[in-house]
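Here is the structure we will look at.
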Amino acid sequence: MEEEKSRWQFLSGEADAGRLYLDPSVAKGCRDACNRQISLYETMRDDLTFMKNVTGFGRFDCSDDLAKMFSAKAVGGDGDVDTALKEHIDVLKLIRDTIQKSVDKLEAQDESYSKLFKN
C-alpha cells in the first residue's frame with residue numbers, strides 16, 4: 001500500500017506543478033469511481049462496528065480467546081480489516097484529489113488561453 005501511496009503522492013506533485021494532464025471527461029469518470037469506492041469502504045468500516053464484539057462460540061475454554069481474536073481481526077488488531085480499509089480510502093482520496101487537480105489546472109489553462117485570444 002505504501003508503494004501506491006508514494007506513486008500517487010508523486011503524481012499529485014506533478015499535478016500541482018502542472019505537468020500532469022488528464023482528459024477532463026475521462027478524469028471526471030475516474031474521480032466519480034473513486035468517490036463511489038470511498039463510499040463503499042466507509043460503509044464497510046461502519047459495518048465493522050458490529051464485528052467488534054464477536055460472541056456465540058459456546059462455553060469452551062478457548063471460546064473467549066477465539067472471540068477476541070476474531071474481534072481484533074475486524075477492528076484494532078494486528079492486520080485488522082478496519083486499518084486496511086482506512087489505508088485504501090486514504091489512497092483513493094489521494095487519487096481522486098490528484099485527478100481533480102489535473103482537471104482544475106487544465107481548465108484554468110484553457111480559460112487563460114481563451115482570454116488571450118479574445119483580446
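By convention in this document, the chains of the C-alpha cells carry letters A, B, ... by their order, each chain's residues are numbered from 1, and ligands are numbered from 1 in the order they are shown.
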**Asked** Residues at most 10 Å from Glu4 (chain A), counting only C-alpha atoms, excluding those fewer than 5 positions away in the same chain, as JSON, numbers by chain?
**Response** {"A": [9, 10, 88, 91, 92, 94, 95]}
**Prompt:** If you count only C-alpha atoms, which residues fall within 9 Å of Ala27 (chain A), apart from same-chain ones fewer than 5 positions away, as a list in words?
**Reply:** Leu22, Asp32, Arg96, Ile99, Gln100, Ser102 and Val103 of chain A
Grab the residues selected above and save them as a PDB file, in the first residue's frame with C-alpha atoms.
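Listing of selection25.pdb after writing:
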ATOM      1  CA  LEU A  22      -5.811  14.190 -17.901  1.00  0.00           C
ATOM      2  CA  ASP A  32     -16.588   9.613  -9.604  1.00  0.00           C
ATOM      3  CA  ARG A  96      -9.286  11.468  -6.542  1.00  0.00           C
ATOM      4  CA  ILE A  99      -7.225  13.781 -10.704  1.00  0.00           C
ATOM      5  CA  GLN A 100      -9.188  16.855  -9.643  1.00  0.00           C
ATOM      6  CA  SER A 102      -5.156  17.906 -13.029  1.00  0.00           C
ATOM      7  CA  VAL A 103      -8.615  18.810 -14.310  1.00  0.00           C
TER       8      VAL A 103
END
**Request:** Would you please extract all alpha helix (DSSP H) residues from chain A, as assigned by DSSP on the backbone, and give them as a ChimeraX atom specification?
**Result:** /A:2-16,24-47,63-74,81-118
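Distance annotation: of A:Leu106, A:Leu116, A:Leu66, A:Ala72, the residue with the minimal separation from Tyr21 (chain A) is A:Leu106; atom set is only C-alpha atoms.
Within 12 Å of Asp47 (chain A), once only C-alpha atoms are used and residues closer than 3 positions along the same chain are dropped, the contacting residues are Leu40, Tyr41, Glu42, Thr43, Met44, Phe50, Met51, Lys52, Ala74, Val75, Val81, Asp82 and Leu85 of chain A.
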**Distance of CA of Asp90 (chain A) from CA of Ser39 (chain A), expressed in Å to one decimal place** = 12.1 Å
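Between CA of Gly29 (chain A) and CA of Ala15 (chain A) the separation is 17.5 Å.
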**Request:** Show which residues sit within 12 Å of Glu107 (chain A), as a PyMOL selection string. Count only C-alpha atoms, and ignore same-chain residues fewer than 2 positions away.
**Result:** chain A and resi 18+21-25+100-105+109-114
What would the file look like if the residues just selected were written as a compact mmCIF listing (two decimals), in the first residue's frame with all heavy atoms?
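Result went into part-v8.txt, see below:
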# COMPACT_ATOMS: atom_id res chain seq x y z
N GLY A 18 1.68 21.30 -12.65
CA GLY A 18 1.11 21.48 -13.98
C GLY A 18 1.69 20.56 -15.04
O GLY A 18 1.59 20.83 -16.23
N TYR A 21 -1.59 16.09 -17.02
CA TYR A 21 -2.83 16.49 -17.68
C TYR A 21 -3.65 15.26 -18.00
O TYR A 21 -3.14 14.31 -18.60
CB TYR A 21 -2.55 17.26 -18.97
CG TYR A 21 -1.85 18.56 -18.73
CD1 TYR A 21 -0.50 18.70 -18.99
CD2 TYR A 21 -2.54 19.65 -18.23
CE1 TYR A 21 0.15 19.90 -18.76
CE2 TYR A 21 -1.91 20.86 -18.00
CZ TYR A 21 -0.56 20.98 -18.27
OH TYR A 21 0.07 22.16 -18.03
N LEU A 22 -4.90 15.27 -17.59
CA LEU A 22 -5.81 14.19 -17.90
C LEU A 22 -7.00 14.77 -18.63
O LEU A 22 -7.47 15.86 -18.32
CB LEU A 22 -6.29 13.51 -16.61
CG LEU A 22 -5.18 12.92 -15.73
CD1 LEU A 22 -5.76 12.50 -14.38
CD2 LEU A 22 -4.54 11.73 -16.41
N ASP A 23 -7.50 14.03 -19.61
CA ASP A 23 -8.69 14.46 -20.33
C ASP A 23 -9.81 14.64 -19.31
O ASP A 23 -10.11 13.73 -18.55
CB ASP A 23 -9.06 13.41 -21.37
CG ASP A 23 -10.31 13.79 -22.12
OD1 ASP A 23 -10.18 14.49 -23.13
OD2 ASP A 23 -11.41 13.40 -21.66
N PRO A 24 -10.44 15.82 -19.27
CA PRO A 24 -11.45 16.09 -18.24
C PRO A 24 -12.61 15.09 -18.21
O PRO A 24 -13.06 14.70 -17.14
CB PRO A 24 -11.96 17.49 -18.59
CG PRO A 24 -10.82 18.13 -19.29
CD PRO A 24 -10.15 17.02 -20.07
N SER A 25 -13.06 14.64 -19.37
CA SER A 25 -14.20 13.71 -19.36
C SER A 25 -13.79 12.36 -18.77
O SER A 25 -14.56 11.74 -18.02
CB SER A 25 -14.76 13.52 -20.76
OG SER A 25 -13.79 12.95 -21.62
N GLN A 100 -8.50 15.56 -9.66
CA GLN A 100 -9.19 16.86 -9.64
C GLN A 100 -8.21 18.01 -9.88
O GLN A 100 -8.53 18.95 -10.61
CB GLN A 100 -9.94 17.05 -8.32
CG GLN A 100 -10.84 18.26 -8.32
CD GLN A 100 -11.92 18.18 -9.39
OE1 GLN A 100 -12.61 17.18 -9.50
NE2 GLN A 100 -12.06 19.23 -10.19
N LYS A 101 -7.02 17.94 -9.28
CA LYS A 101 -6.01 18.98 -9.50
C LYS A 101 -5.67 19.08 -10.98
O LYS A 101 -5.54 20.17 -11.53
CB LYS A 101 -4.72 18.67 -8.73
CG LYS A 101 -4.78 18.91 -7.27
CD LYS A 101 -3.44 18.55 -6.66
CE LYS A 101 -3.53 18.33 -5.18
NZ LYS A 101 -2.22 17.91 -4.63
N SER A 102 -5.50 17.93 -11.61
CA SER A 102 -5.16 17.91 -13.03
C SER A 102 -6.25 18.57 -13.86
O SER A 102 -5.96 19.38 -14.75
CB SER A 102 -4.94 16.46 -13.49
OG SER A 102 -4.84 16.39 -14.88
N VAL A 103 -7.49 18.23 -13.58
CA VAL A 103 -8.62 18.81 -14.31
C VAL A 103 -8.68 20.31 -14.06
O VAL A 103 -8.84 21.11 -14.99
CB VAL A 103 -9.94 18.12 -13.91
CG1 VAL A 103 -11.13 18.87 -14.47
CG2 VAL A 103 -9.95 16.68 -14.39
N ASP A 104 -8.53 20.72 -12.80
CA ASP A 104 -8.58 22.14 -12.47
C ASP A 104 -7.48 22.93 -13.18
O ASP A 104 -7.73 24.02 -13.71
CB ASP A 104 -8.47 22.35 -10.96
CG ASP A 104 -9.69 21.84 -10.20
OD1 ASP A 104 -10.73 21.57 -10.83
OD2 ASP A 104 -9.58 21.69 -8.96
N LYS A 105 -6.27 22.38 -13.21
CA LYS A 105 -5.15 23.06 -13.89
C LYS A 105 -5.42 23.18 -15.38
O LYS A 105 -5.18 24.23 -15.97
CB LYS A 105 -3.84 22.29 -13.67
CG LYS A 105 -3.29 22.37 -12.28
CD LYS A 105 -2.36 23.53 -12.16
CE LYS A 105 -1.70 23.46 -10.78
NZ LYS A 105 -0.92 24.62 -10.49
N GLN A 109 -5.91 26.62 -17.41
CA GLN A 109 -5.03 26.92 -18.55
C GLN A 109 -5.87 27.22 -19.80
O GLN A 109 -5.59 28.18 -20.51
CB GLN A 109 -4.09 25.74 -18.80
CG GLN A 109 -3.05 26.01 -19.86
CD GLN A 109 -2.14 24.82 -20.04
OE1 GLN A 109 -2.58 23.67 -20.00
NE2 GLN A 109 -0.87 25.09 -20.25
N ASP A 110 -6.88 26.42 -20.04
CA ASP A 110 -7.75 26.66 -21.19
C ASP A 110 -8.43 28.02 -21.09
O ASP A 110 -8.54 28.75 -22.07
CB ASP A 110 -8.82 25.57 -21.30
CG ASP A 110 -8.27 24.25 -21.80
OD1 ASP A 110 -7.11 24.22 -22.27
OD2 ASP A 110 -9.00 23.23 -21.72
N GLU A 111 -8.87 28.37 -19.88
CA GLU A 111 -9.53 29.65 -19.68
C GLU A 111 -8.57 30.82 -19.91
O GLU A 111 -8.92 31.80 -20.56
CB GLU A 111 -10.10 29.73 -18.26
CG GLU A 111 -10.96 30.95 -18.03
CD GLU A 111 -11.60 30.95 -16.66
OE1 GLU A 111 -12.11 29.88 -16.24
OE2 GLU A 111 -11.56 32.00 -16.01
N SER A 112 -7.34 30.69 -19.43
CA SER A 112 -6.38 31.78 -19.63
C SER A 112 -5.99 31.91 -21.09
O SER A 112 -5.84 33.02 -21.60
CB SER A 112 -5.15 31.60 -18.76
OG SER A 112 -4.30 30.60 -19.26
N TYR A 113 -5.89 30.80 -21.83
CA TYR A 113 -5.59 30.87 -23.25
C TYR A 113 -6.75 31.50 -24.01
O TYR A 113 -6.54 32.27 -24.95
CB TYR A 113 -5.29 29.48 -23.82
CG TYR A 113 -3.93 28.93 -23.47
CD1 TYR A 113 -3.73 27.57 -23.39
CD2 TYR A 113 -2.86 29.76 -23.20
CE1 TYR A 113 -2.49 27.03 -23.07
CE2 TYR A 113 -1.62 29.25 -22.86
CZ TYR A 113 -1.44 27.89 -22.79
OH TYR A 113 -0.22 27.38 -22.47
N SER A 114 -7.98 31.14 -23.62
CA SER A 114 -9.13 31.72 -24.34
C SER A 114 -9.20 33.22 -24.11
O SER A 114 -9.57 33.97 -25.02
CB SER A 114 -10.41 31.03 -23.92
OG SER A 114 -10.77 31.37 -22.60
